[in-house]
Amino acid sequence: MQIGFNAPSGGPLATPEHLTRLAQEAEAMGYGYATISDHVVIPKDIHAKYPYTDSGEFPAGSRGERHEQLTQVMFLAAKTTTLRMVTSVMVVPHRPALLTAKILSTIDVLSGGRLTLGVGAGWLQEEFEALQVPDFAARGKVTDEYILAARELWTAPEPRFTGDYVRFEDISFQPKPVQPGGPPVWVGGESGPALRRTARLGDAWYPIGTNPSFPLESLARYRAAVAKLHGLVEKAGRDPAKVALAYRVQKYGPEVPATAGDGERRLFSGAPGQIADDLKALRDLGVVAVDFTYPGNTVDEVLASMREFRDGVMARL
């Protein structure tokens with residue numbers, strides 16, 4: 001099981017110096033991957049419901065400055081040698097399909113195959129409108145088409161594709177990604193459409209456990225969701241063993257409530273030994289990657305949290 005960490009995209013920790021130090025020291029500590037989030041612009045007037053708070057309000061702390069995600073991914077890849085980069089997640093409809101596929105292929109080649117493509121259809125309608133991209137209501141179909149188009153570009157000697165939102169033929173697309181088939185696609189989201197997208201197109205399912213509408217914060221709830229996913233994968237004519245499991249954690253430790261909404265133990269609450277046991281339980285279910293946002297207001301504090309987690313949790317795995 002690989003353990004990842006969130007590389008901030010904005011704020012005082014997102015300077016070139018801090019990001020470089022965070023990535024390089026995390027790599028030296030044995031962390032497997034960095035996650036980088038995605039917002040191109042933040043609308044000032046947001047009415048869309050944010051999926052990961054009970055109120056549906058987009059947290060004020062997430063509304064500040066942001067680096068462009070794929071540029072930051074390439075920056076961090078250039079500063080490291082073994083650390084994988086995970087887009088967490090890339091909002092697929094926000095960027096043109098062919099250009100994005102080319103950028104991702106370039107990152108994969110220049111990083112030596114260290115890119116994982118976490119994807120989502122997006123939730124922030126006002127950002128879609130500001131970017132003047134395909135209509136928000138069509139985002140699911142657009143996402144599916146763009147993923148299929150990218151894979152065609154990454155694998156076919158003479159790529160061609162005809163869809164409602166992207167079409168191409170008579171083009172050359174070189175170099176191909178280093179990773180066979182292109183970067184693995186981790187499908188984010190917890191809803192029915194996200195599960196179905198994973199079943200049809202995903203190399204892995206990559207939910208956050210604390211979506212109030214689709215809670216996965218207990219082992220029982222997560223196990224039930226995985227069983228549902230496997231049924232959808234089989235229905236799609238694929239082998240469930242070929243669809244990996246990854247999991248994103250926003251908060252952990254003693255400050256997290258000990259009991260989940262179903263009355264079971266809440267995953268990643270409590271002491272380091274309990275968190276290690278949770279990771280072992282998820283590993284037994286087939287989870288191959290789990291990432292955390294480590295607390296701290298300075299780069300020193302974040303790195304201290306990461307060392308504490310490594311010594312108290314990762315050392316027990």
# chains A, B, ... in the order shown; residues from 1 in each chain; ligands from 1

$ residues_around --residues "A:Arg310" --least-positions-apart "4" --cutoff "9 Å" --atoms "only C-alpha atoms" --output "list of chain:residue names"
A:Met29, A:Gly30, A:Tyr31, A:Ser305, A:Met306, A:Met314, A:Ala315, A:Arg316

$ residues_around --residues "A:Arg196" --least-positions-apart "2" --cutoff "10 Å" --atoms "only C-alpha atoms" --output "ChimeraX atom specification"
/A:187,191-194,198-202,228-229,232-233,235-236

$ write_last_selection --atoms "all heavy atoms" --output "mmCIF file, in the first residue's frame"
data_model
loop_
_atom_site.group_PDB
_atom_site.id
_atom_site.type_symbol
_atom_site.label_atom_id
_atom_site.label_comp_id
_atom_site.auth_asym_id
_atom_site.auth_seq_id
_atom_site.Cartn_x
_atom_site.Cartn_y
_atom_site.Cartn_z
ATOM 1 N N VAL A 187 -10.772 7.211 -10.956
ATOM 2 C CA VAL A 187 -12.023 7.969 -11.040
ATOM 3 C C VAL A 187 -12.445 8.413 -9.644
ATOM 4 O O VAL A 187 -12.712 7.587 -8.767
ATOM 5 C CB VAL A 187 -13.131 7.132 -11.700
ATOM 6 C CG1 VAL A 187 -14.442 7.926 -11.730
ATOM 7 C CG2 VAL A 187 -12.726 6.734 -13.115
ATOM 8 N N SER A 191 -20.732 9.036 -6.030
ATOM 9 C CA SER A 191 -22.113 8.888 -6.478
ATOM 10 C C SER A 191 -22.258 7.705 -7.423
ATOM 11 O O SER A 191 -21.270 7.089 -7.862
ATOM 12 C CB SER A 191 -22.552 10.162 -7.192
ATOM 13 O OG SER A 191 -21.807 10.323 -8.389
ATOM 14 N N GLY A 192 -23.497 7.411 -7.777
ATOM 15 C CA GLY A 192 -23.764 6.370 -8.743
ATOM 16 C C GLY A 192 -23.063 6.601 -10.070
ATOM 17 O O GLY A 192 -22.432 5.679 -10.611
ATOM 18 N N PRO A 193 -23.156 7.817 -10.657
ATOM 19 C CA PRO A 193 -22.433 8.052 -11.913
ATOM 20 C C PRO A 193 -20.923 7.832 -11.794
ATOM 21 O O PRO A 193 -20.299 7.317 -12.725
ATOM 22 C CB PRO A 193 -22.763 9.519 -12.229
ATOM 23 C CG PRO A 193 -24.109 9.729 -11.608
ATOM 24 C CD PRO A 193 -24.079 8.931 -10.331
ATOM 25 N N ALA A 194 -20.341 8.210 -10.656
ATOM 26 C CA ALA A 194 -18.899 7.997 -10.475
ATOM 27 C C ALA A 194 -18.569 6.508 -10.425
ATOM 28 O O ALA A 194 -17.564 6.058 -10.999
ATOM 29 C CB ALA A 194 -18.436 8.696 -9.199
ATOM 30 N N THR A 198 -16.295 4.517 -13.129
ATOM 31 C CA THR A 198 -15.185 3.657 -12.716
ATOM 32 C C THR A 198 -15.317 2.279 -13.342
ATOM 33 O O THR A 198 -14.345 1.717 -13.860
ATOM 34 C CB THR A 198 -15.150 3.517 -11.188
ATOM 35 O OG1 THR A 198 -15.099 4.812 -10.572
ATOM 36 C CG2 THR A 198 -13.937 2.711 -10.742
ATOM 37 N N ALA A 199 -16.519 1.735 -13.282
ATOM 38 C CA ALA A 199 -16.743 0.380 -13.800
ATOM 39 C C ALA A 199 -16.454 0.295 -15.293
ATOM 40 O O ALA A 199 -15.910 -0.703 -15.777
ATOM 41 C CB ALA A 199 -18.176 -0.052 -13.511
ATOM 42 N N ARG A 200 -16.788 1.341 -16.038
ATOM 43 C CA ARG A 200 -16.597 1.312 -17.494
ATOM 44 C C ARG A 200 -15.192 1.709 -17.914
ATOM 45 O O ARG A 200 -14.617 1.125 -18.828
ATOM 46 C CB ARG A 200 -17.596 2.263 -18.176
ATOM 47 C CG ARG A 200 -19.057 1.900 -18.038
ATOM 48 C CD ARG A 200 -19.909 2.729 -18.993
ATOM 49 N NE ARG A 200 -19.568 4.152 -18.969
ATOM 50 C CZ ARG A 200 -20.102 5.043 -18.136
ATOM 51 N NH1 ARG A 200 -20.999 4.659 -17.231
ATOM 52 N NH2 ARG A 200 -19.761 6.319 -18.194
ATOM 53 N N LEU A 201 -14.640 2.723 -17.237
ATOM 54 C CA LEU A 201 -13.443 3.385 -17.766
ATOM 55 C C LEU A 201 -12.266 3.440 -16.811
ATOM 56 O O LEU A 201 -11.149 3.754 -17.238
ATOM 57 C CB LEU A 201 -13.791 4.832 -18.170
ATOM 58 C CG LEU A 201 -14.904 5.023 -19.197
ATOM 59 C CD1 LEU A 201 -15.221 6.497 -19.364
ATOM 60 C CD2 LEU A 201 -14.494 4.417 -20.524
ATOM 61 N N GLY A 202 -12.471 3.175 -15.540
ATOM 62 C CA GLY A 202 -11.438 3.444 -14.563
ATOM 63 C C GLY A 202 -10.428 2.329 -14.383
ATOM 64 O O GLY A 202 -10.756 1.145 -14.485
ATOM 65 N N LYS A 228 -20.675 -3.095 -4.359
ATOM 66 C CA LYS A 228 -21.515 -2.516 -5.417
ATOM 67 C C LYS A 228 -20.683 -2.213 -6.652
ATOM 68 O O LYS A 228 -21.098 -2.508 -7.782
ATOM 69 C CB LYS A 228 -22.194 -1.245 -4.899
ATOM 70 C CG LYS A 228 -23.100 -0.573 -5.912
ATOM 71 C CD LYS A 228 -23.765 0.669 -5.319
ATOM 72 C CE LYS A 228 -24.666 1.352 -6.331
ATOM 73 N NZ LYS A 228 -25.307 2.571 -5.764
ATOM 74 N N LEU A 229 -19.502 -1.639 -6.444
ATOM 75 C CA LEU A 229 -18.617 -1.339 -7.566
ATOM 76 C C LEU A 229 -18.263 -2.610 -8.325
ATOM 77 O O LEU A 229 -18.316 -2.646 -9.562
ATOM 78 C CB LEU A 229 -17.343 -0.660 -7.063
ATOM 79 C CG LEU A 229 -16.239 -0.479 -8.101
ATOM 80 C CD1 LEU A 229 -16.662 0.503 -9.185
ATOM 81 C CD2 LEU A 229 -14.936 -0.024 -7.431
ATOM 82 N N LEU A 232 -20.932 -3.660 -10.620
ATOM 83 C CA LEU A 232 -21.012 -2.822 -11.811
ATOM 84 C C LEU A 232 -19.879 -3.134 -12.790
ATOM 85 O O LEU A 232 -20.068 -3.089 -14.006
ATOM 86 C CB LEU A 232 -20.957 -1.345 -11.406
ATOM 87 C CG LEU A 232 -22.176 -0.805 -10.646
ATOM 88 C CD1 LEU A 232 -21.891 0.571 -10.078
ATOM 89 C CD2 LEU A 232 -23.396 -0.761 -11.564
ATOM 90 N N VAL A 233 -18.700 -3.446 -12.240
ATOM 91 C CA VAL A 233 -17.568 -3.794 -13.100
ATOM 92 C C VAL A 233 -17.881 -5.080 -13.878
ATOM 93 O O VAL A 233 -17.633 -5.172 -15.084
ATOM 94 C CB VAL A 233 -16.282 -3.954 -12.267
ATOM 95 C CG1 VAL A 233 -15.144 -4.495 -13.126
ATOM 96 C CG2 VAL A 233 -15.869 -2.616 -11.651
ATOM 97 N N LYS A 235 -20.835 -6.217 -14.570
ATOM 98 C CA LYS A 235 -21.905 -5.897 -15.521
ATOM 99 C C LYS A 235 -21.344 -5.231 -16.766
ATOM 100 O O LYS A 235 -21.875 -5.398 -17.877
ATOM 101 C CB LYS A 235 -22.933 -4.992 -14.840
ATOM 102 C CG LYS A 235 -24.160 -4.695 -15.685
ATOM 103 C CD LYS A 235 -25.167 -3.856 -14.910
ATOM 104 C CE LYS A 235 -26.402 -3.555 -15.751
ATOM 105 N NZ LYS A 235 -27.388 -2.727 -14.991
ATOM 106 N N ALA A 236 -20.250 -4.476 -16.598
ATOM 107 C CA ALA A 236 -19.607 -3.803 -17.730
ATOM 108 C C ALA A 236 -18.704 -4.745 -18.517
ATOM 109 O O ALA A 236 -18.061 -4.319 -19.494
ATOM 110 C CB ALA A 236 -18.806 -2.606 -17.236
#

$ atom_distance --atom1 "atom CA of A:Thr293" --atom2 "atom CA of A:Pro257"
16.9 Å

$ residues_around --residues "A:Leu99" --least-positions-apart "2" --cutoff "12 Å" --atoms "only C-alpha atoms" --output "PyMOL selection string"
chain A and resi 70+92-97+101-106+146+149-150+153+166+173

$ residues_around --residues "A:Pro12" --least-positions-apart "2" --cutoff "9 Å" --atoms "only C-alpha atoms" --output "compact mmCIF listing (two decimals) with N, CA, C and O atoms, in the first residue's frame"
# COMPACT_ATOMS: atom_id res chain seq x y z
N GLY A 10 -2.17 26.44 -3.26
CA GLY A 10 -2.24 27.86 -3.02
C GLY A 10 -1.91 28.18 -1.57
O GLY A 10 -1.77 27.28 -0.74
N ALA A 14 2.54 27.18 -0.77
CA ALA A 14 2.63 26.84 -2.19
C ALA A 14 3.68 27.65 -2.93
O ALA A 14 3.60 27.80 -4.15
N THR A 15 4.69 28.15 -2.22
CA THR A 15 5.79 28.82 -2.90
C THR A 15 6.70 27.78 -3.55
O THR A 15 6.70 26.61 -3.15
N HIS A 18 8.88 26.12 -0.78
CA HIS A 18 8.16 25.24 0.15
C HIS A 18 7.70 23.97 -0.55
O HIS A 18 7.80 22.87 0.01
N ASN A 297 0.59 24.83 9.68
CA ASN A 297 0.49 26.16 9.08
C ASN A 297 1.78 26.59 8.39
O ASN A 297 1.79 27.58 7.66
N THR A 298 2.86 25.87 8.66
CA THR A 298 4.14 26.14 8.02
C THR A 298 4.66 24.84 7.42
O THR A 298 4.19 23.75 7.77
N VAL A 299 5.63 24.95 6.53
CA VAL A 299 6.18 23.74 5.93
C VAL A 299 6.86 22.88 6.99
O VAL A 299 6.80 21.64 6.93

$ atom_distance --atom1 "atom CA of A:Thr116" --atom2 "atom CA of A:Val86"
4.7 Å

$ atom_distance --atom1 "atom CA of A:Ala204" --atom2 "atom CA of A:Ala246"
6.6 Å

$ residues_around --residues "A:Pro177" --least-positions-apart "6" --cutoff "7 Å" --atoms "only C-alpha atoms" --output "list in words"
Ser105, Asp108, Val109 and Trp154 of chain A

$ write_last_selection --atoms "all heavy atoms" --output "PDB file, in the first residue's frame"
ATOM      1  N   SER A 105       0.569  13.452 -21.608  1.00  0.00           N
ATOM      2  CA  SER A 105       1.558  12.569 -22.210  1.00  0.00           C
ATOM      3  C   SER A 105       2.965  13.124 -22.009  1.00  0.00           C
ATOM      4  O   SER A 105       3.911  12.385 -21.692  1.00  0.00           O
ATOM      5  CB  SER A 105       1.259  12.393 -23.696  1.00  0.00           C
ATOM      6  OG  SER A 105       2.180  11.500 -24.292  1.00  0.00           O
ATOM      7  N   ASP A 108       4.053  12.578 -18.477  1.00  0.00           N
ATOM      8  CA  ASP A 108       4.375  11.173 -18.256  1.00  0.00           C
ATOM      9  C   ASP A 108       5.751  10.832 -18.817  1.00  0.00           C
ATOM     10  O   ASP A 108       6.557  10.162 -18.170  1.00  0.00           O
ATOM     11  CB  ASP A 108       3.307  10.281 -18.879  1.00  0.00           C
ATOM     12  CG  ASP A 108       3.349   8.866 -18.330  1.00  0.00           C
ATOM     13  OD1 ASP A 108       3.097   8.711 -17.119  1.00  0.00           O
ATOM     14  OD2 ASP A 108       3.662   7.937 -19.081  1.00  0.00           O
ATOM     15  N   VAL A 109       6.048  11.308 -20.026  1.00  0.00           N
ATOM     16  CA  VAL A 109       7.345  11.036 -20.645  1.00  0.00           C
ATOM     17  C   VAL A 109       8.478  11.683 -19.847  1.00  0.00           C
ATOM     18  O   VAL A 109       9.482  11.040 -19.500  1.00  0.00           O
ATOM     19  CB  VAL A 109       7.360  11.524 -22.108  1.00  0.00           C
ATOM     20  CG1 VAL A 109       8.774  11.469 -22.677  1.00  0.00           C
ATOM     21  CG2 VAL A 109       6.412  10.694 -22.958  1.00  0.00           C
ATOM     22  N   TRP A 154      -3.260   8.116 -26.850  1.00  0.00           N
ATOM     23  CA  TRP A 154      -2.105   7.539 -26.163  1.00  0.00           C
ATOM     24  C   TRP A 154      -1.708   6.165 -26.694  1.00  0.00           C
ATOM     25  O   TRP A 154      -0.587   5.715 -26.443  1.00  0.00           O
ATOM     26  CB  TRP A 154      -2.404   7.423 -24.669  1.00  0.00           C
ATOM     27  CG  TRP A 154      -2.518   8.733 -23.960  1.00  0.00           C
ATOM     28  CD1 TRP A 154      -2.014   9.941 -24.348  1.00  0.00           C
ATOM     29  CD2 TRP A 154      -3.193   8.976 -22.724  1.00  0.00           C
ATOM     30  NE1 TRP A 154      -2.327  10.922 -23.438  1.00  0.00           N
ATOM     31  CE2 TRP A 154      -3.064  10.351 -22.429  1.00  0.00           C
ATOM     32  CE3 TRP A 154      -3.912   8.161 -21.839  1.00  0.00           C
ATOM     33  CZ2 TRP A 154      -3.601  10.930 -21.273  1.00  0.00           C
ATOM     34  CZ3 TRP A 154      -4.450   8.733 -20.694  1.00  0.00           C
ATOM     35  CH2 TRP A 154      -4.295  10.107 -20.409  1.00  0.00           C
TER      36      TRP A 154
END

$ decode --residues "stretch 138-287 of chain A" --atoms "C-alpha atoms" --output "PDB file, in the first residue's frame"
ATOM      1  CA  ALA A 138     -23.335  17.607 -20.067  1.00  0.00           C
ATOM      2  CA  ARG A 139     -20.233  17.231 -17.909  1.00  0.00           C
ATOM      3  CA  GLY A 140     -20.629  13.482 -17.388  1.00  0.00           C
ATOM      4  CA  LYS A 141     -20.789  12.686 -21.084  1.00  0.00           C
ATOM      5  CA  VAL A 142     -17.995  15.157 -21.824  1.00  0.00           C
ATOM      6  CA  THR A 143     -15.800  13.525 -19.184  1.00  0.00           C
ATOM      7  CA  ASP A 144     -16.349  10.051 -20.608  1.00  0.00           C
ATOM      8  CA  GLU A 145     -15.627  11.182 -24.162  1.00  0.00           C
ATOM      9  CA  TYR A 146     -12.447  13.034 -23.188  1.00  0.00           C
ATOM     10  CA  ILE A 147     -11.114   9.993 -21.317  1.00  0.00           C
ATOM     11  CA  LEU A 148     -11.811   7.727 -24.293  1.00  0.00           C
ATOM     12  CA  ALA A 149     -10.289  10.245 -26.683  1.00  0.00           C
ATOM     13  CA  ALA A 150      -7.136  10.528 -24.572  1.00  0.00           C
ATOM     14  CA  ARG A 151      -6.684   6.776 -24.512  1.00  0.00           C
ATOM     15  CA  GLU A 152      -7.081   6.649 -28.265  1.00  0.00           C
ATOM     16  CA  LEU A 153      -4.385   9.302 -28.635  1.00  0.00           C
ATOM     17  CA  TRP A 154      -2.105   7.539 -26.163  1.00  0.00           C
ATOM     18  CA  THR A 155      -2.340   4.095 -27.757  1.00  0.00           C
ATOM     19  CA  ALA A 156      -3.366   4.139 -31.423  1.00  0.00           C
ATOM     20  CA  PRO A 157      -0.713   4.423 -34.174  1.00  0.00           C
ATOM     21  CA  GLU A 158      -3.198   6.464 -36.229  1.00  0.00           C
ATOM     22  CA  PRO A 159      -5.631   7.912 -33.704  1.00  0.00           C
ATOM     23  CA  ARG A 160      -9.157   8.766 -34.710  1.00  0.00           C
ATOM     24  CA  PHE A 161     -12.240   9.542 -32.654  1.00  0.00           C
ATOM     25  CA  THR A 162     -15.783  10.699 -33.369  1.00  0.00           C
ATOM     26  CA  GLY A 163     -17.938  11.892 -30.499  1.00  0.00           C
ATOM     27  CA  ASP A 164     -20.359  14.661 -29.684  1.00  0.00           C
ATOM     28  CA  TYR A 165     -17.707  16.849 -28.052  1.00  0.00           C
ATOM     29  CA  VAL A 166     -14.391  15.776 -29.568  1.00  0.00           C
ATOM     30  CA  ARG A 167     -13.447  14.552 -33.022  1.00  0.00           C
ATOM     31  CA  PHE A 168     -10.137  13.944 -34.756  1.00  0.00           C
ATOM     32  CA  GLU A 169      -8.491  11.925 -37.527  1.00  0.00           C
ATOM     33  CA  ASP A 170      -5.496  12.189 -39.848  1.00  0.00           C
ATOM     34  CA  ILE A 171      -3.199  13.342 -37.057  1.00  0.00           C
ATOM     35  CA  SER A 172       0.040  12.147 -35.522  1.00  0.00           C
ATOM     36  CA  PHE A 173       0.335  12.005 -31.739  1.00  0.00           C
ATOM     37  CA  GLN A 174       3.901  11.384 -30.577  1.00  0.00           C
ATOM     38  CA  PRO A 175       5.550  10.643 -28.263  1.00  0.00           C
ATOM     39  CA  LYS A 176       3.162   8.281 -26.540  1.00  0.00           C
ATOM     40  CA  PRO A 177       3.187   8.111 -22.739  1.00  0.00           C
ATOM     41  CA  VAL A 178       5.859   5.980 -21.097  1.00  0.00           C
ATOM     42  CA  GLN A 179       3.275   3.969 -19.187  1.00  0.00           C
ATOM     43  CA  PRO A 180       1.607   1.370 -21.439  1.00  0.00           C
ATOM     44  CA  GLY A 181      -1.883   2.578 -22.253  1.00  0.00           C
ATOM     45  CA  GLY A 182      -1.140   5.967 -20.729  1.00  0.00           C
ATOM     46  CA  PRO A 183      -1.306   7.180 -17.135  1.00  0.00           C
ATOM     47  CA  PRO A 184      -3.645   5.086 -14.969  1.00  0.00           C
ATOM     48  CA  VAL A 185      -7.039   6.719 -14.540  1.00  0.00           C
ATOM     49  CA  TRP A 186      -8.370   6.937 -10.980  1.00  0.00           C
ATOM     50  CA  VAL A 187     -12.023   7.969 -11.040  1.00  0.00           C
ATOM     51  CA  GLY A 188     -12.953  10.271  -8.183  1.00  0.00           C
ATOM     52  CA  GLY A 189     -16.407  10.632  -6.698  1.00  0.00           C
ATOM     53  CA  GLU A 190     -18.788   8.586  -4.615  1.00  0.00           C
ATOM     54  CA  SER A 191     -22.113   8.888  -6.478  1.00  0.00           C
ATOM     55  CA  GLY A 192     -23.764   6.370  -8.743  1.00  0.00           C
ATOM     56  CA  PRO A 193     -22.433   8.052 -11.913  1.00  0.00           C
ATOM     57  CA  ALA A 194     -18.899   7.997 -10.475  1.00  0.00           C
ATOM     58  CA  LEU A 195     -19.175   4.290  -9.697  1.00  0.00           C
ATOM     59  CA  ARG A 196     -20.507   3.554 -13.165  1.00  0.00           C
ATOM     60  CA  ARG A 197     -17.711   5.624 -14.751  1.00  0.00           C
ATOM     61  CA  THR A 198     -15.185   3.657 -12.716  1.00  0.00           C
ATOM     62  CA  ALA A 199     -16.743   0.380 -13.800  1.00  0.00           C
ATOM     63  CA  ARG A 200     -16.597   1.312 -17.494  1.00  0.00           C
ATOM     64  CA  LEU A 201     -13.443   3.385 -17.766  1.00  0.00           C
ATOM     65  CA  GLY A 202     -11.438   3.444 -14.563  1.00  0.00           C
ATOM     66  CA  ASP A 203      -8.175   1.792 -13.611  1.00  0.00           C
ATOM     67  CA  ALA A 204      -9.102   2.556  -9.981  1.00  0.00           C
ATOM     68  CA  TRP A 205     -11.871   4.025  -7.837  1.00  0.00           C
ATOM     69  CA  TYR A 206     -10.713   7.047  -5.819  1.00  0.00           C
ATOM     70  CA  PRO A 207     -13.407   8.351  -3.426  1.00  0.00           C
ATOM     71  CA  ILE A 208     -13.248  10.683  -0.444  1.00  0.00           C
ATOM     72  CA  GLY A 209     -14.786   9.047   2.607  1.00  0.00           C
ATOM     73  CA  THR A 210     -16.650  12.047   3.989  1.00  0.00           C
ATOM     74  CA  ASN A 211     -19.217  12.963   1.333  1.00  0.00           C
ATOM     75  CA  PRO A 212     -22.378  13.495   3.440  1.00  0.00           C
ATOM     76  CA  SER A 213     -24.585  12.263   0.594  1.00  0.00           C
ATOM     77  CA  PHE A 214     -22.530   9.087   0.033  1.00  0.00           C
ATOM     78  CA  PRO A 215     -20.655   8.448   3.295  1.00  0.00           C
ATOM     79  CA  LEU A 216     -17.833   5.914   3.240  1.00  0.00           C
ATOM     80  CA  GLU A 217     -16.410   6.752   6.642  1.00  0.00           C
ATOM     81  CA  SER A 218     -16.815   3.292   8.212  1.00  0.00           C
ATOM     82  CA  LEU A 219     -15.335  -0.004   7.108  1.00  0.00           C
ATOM     83  CA  ALA A 220     -18.832  -1.497   6.719  1.00  0.00           C
ATOM     84  CA  ARG A 221     -20.011   1.312   4.449  1.00  0.00           C
ATOM     85  CA  TYR A 222     -16.862   1.220   2.384  1.00  0.00           C
ATOM     86  CA  ARG A 223     -17.010  -2.568   2.042  1.00  0.00           C
ATOM     87  CA  ALA A 224     -20.609  -2.333   0.821  1.00  0.00           C
ATOM     88  CA  ALA A 225     -19.659   0.325  -1.743  1.00  0.00           C
ATOM     89  CA  VAL A 226     -16.779  -1.803  -3.017  1.00  0.00           C
ATOM     90  CA  ALA A 227     -19.165  -4.751  -3.421  1.00  0.00           C
ATOM     91  CA  LYS A 228     -21.515  -2.516  -5.417  1.00  0.00           C
ATOM     92  CA  LEU A 229     -18.617  -1.339  -7.566  1.00  0.00           C
ATOM     93  CA  HIS A 230     -17.521  -4.901  -8.267  1.00  0.00           C
ATOM     94  CA  GLY A 231     -21.035  -5.772  -9.398  1.00  0.00           C
ATOM     95  CA  LEU A 232     -21.012  -2.822 -11.811  1.00  0.00           C
ATOM     96  CA  VAL A 233     -17.568  -3.794 -13.100  1.00  0.00           C
ATOM     97  CA  GLU A 234     -18.790  -7.310 -13.847  1.00  0.00           C
ATOM     98  CA  LYS A 235     -21.905  -5.897 -15.521  1.00  0.00           C
ATOM     99  CA  ALA A 236     -19.607  -3.803 -17.730  1.00  0.00           C
ATOM    100  CA  GLY A 237     -17.841  -7.003 -18.805  1.00  0.00           C
ATOM    101  CA  ARG A 238     -14.633  -6.315 -16.910  1.00  0.00           C
ATOM    102  CA  ASP A 239     -12.726  -8.183 -14.205  1.00  0.00           C
ATOM    103  CA  PRO A 240     -13.091  -6.521 -10.769  1.00  0.00           C
ATOM    104  CA  ALA A 241      -9.529  -7.569  -9.989  1.00  0.00           C
ATOM    105  CA  LYS A 242      -8.387  -5.211 -12.762  1.00  0.00           C
ATOM    106  CA  VAL A 243      -9.967  -2.168 -11.079  1.00  0.00           C
ATOM    107  CA  ALA A 244      -7.827  -0.996  -8.172  1.00  0.00           C
ATOM    108  CA  LEU A 245      -8.989   0.819  -5.053  1.00  0.00           C
ATOM    109  CA  ALA A 246      -7.598   4.097  -3.719  1.00  0.00           C
ATOM    110  CA  TYR A 247      -8.962   6.310  -0.933  1.00  0.00           C
ATOM    111  CA  ARG A 248      -8.569   9.966   0.070  1.00  0.00           C
ATOM    112  CA  VAL A 249      -8.640  11.158   3.698  1.00  0.00           C
ATOM    113  CA  GLN A 250      -9.220  14.805   4.583  1.00  0.00           C
ATOM    114  CA  LYS A 251      -8.855  14.557   8.378  1.00  0.00           C
ATOM    115  CA  TYR A 252      -7.493  11.954  10.774  1.00  0.00           C
ATOM    116  CA  GLY A 253      -6.510  11.478  14.411  1.00  0.00           C
ATOM    117  CA  PRO A 254      -8.014  12.136  17.831  1.00  0.00           C
ATOM    118  CA  GLU A 255      -9.972  15.211  16.718  1.00  0.00           C
ATOM    119  CA  VAL A 256     -12.046  13.107  14.308  1.00  0.00           C
ATOM    120  CA  PRO A 257     -15.279  11.735  15.863  1.00  0.00           C
ATOM    121  CA  ALA A 258     -14.805   8.116  16.881  1.00  0.00           C
ATOM    122  CA  THR A 259     -18.191   6.937  15.597  1.00  0.00           C
ATOM    123  CA  ALA A 260     -19.416   6.953  12.001  1.00  0.00           C
ATOM    124  CA  GLY A 261     -22.963   7.705  10.948  1.00  0.00           C
ATOM    125  CA  ASP A 262     -23.869   4.008  10.929  1.00  0.00           C
ATOM    126  CA  GLY A 263     -22.697   3.531  14.511  1.00  0.00           C
ATOM    127  CA  GLU A 264     -19.487   1.761  13.485  1.00  0.00           C
ATOM    128  CA  ARG A 265     -15.954   2.927  14.158  1.00  0.00           C
ATOM    129  CA  ARG A 266     -15.074   5.943  12.036  1.00  0.00           C
ATOM    130  CA  LEU A 267     -12.087   5.216   9.841  1.00  0.00           C
ATOM    131  CA  PHE A 268      -8.879   7.083  10.694  1.00  0.00           C
ATOM    132  CA  SER A 269     -10.071   8.365  14.042  1.00  0.00           C
ATOM    133  CA  GLY A 270      -8.111   7.856  17.236  1.00  0.00           C
ATOM    134  CA  ALA A 271      -4.512   6.958  17.981  1.00  0.00           C
ATOM    135  CA  PRO A 272      -1.763   5.955  15.521  1.00  0.00           C
ATOM    136  CA  GLY A 273      -2.232   2.256  16.253  1.00  0.00           C
ATOM    137  CA  GLN A 274      -5.925   2.470  15.415  1.00  0.00           C
ATOM    138  CA  ILE A 275      -5.193   4.341  12.193  1.00  0.00           C
ATOM    139  CA  ALA A 276      -2.642   1.691  11.238  1.00  0.00           C
ATOM    140  CA  ASP A 277      -5.274  -0.983  11.876  1.00  0.00           C
ATOM    141  CA  ASP A 278      -7.677   0.885   9.587  1.00  0.00           C
ATOM    142  CA  LEU A 279      -5.065   0.958   6.842  1.00  0.00           C
ATOM    143  CA  LYS A 280      -4.445  -2.763   7.283  1.00  0.00           C
ATOM    144  CA  ALA A 281      -8.186  -3.440   7.031  1.00  0.00           C
ATOM    145  CA  LEU A 282      -8.420  -1.425   3.824  1.00  0.00           C
ATOM    146  CA  ARG A 283      -5.350  -3.172   2.460  1.00  0.00           C
ATOM    147  CA  ASP A 284      -7.044  -6.503   3.135  1.00  0.00           C
ATOM    148  CA  LEU A 285      -9.965  -5.259   1.022  1.00  0.00           C
ATOM    149  CA  GLY A 286      -7.595  -4.557  -1.846  1.00  0.00           C
ATOM    150  CA  VAL A 287      -6.888  -0.851  -1.345  1.00  0.00           C
TER     151      VAL A 287
END
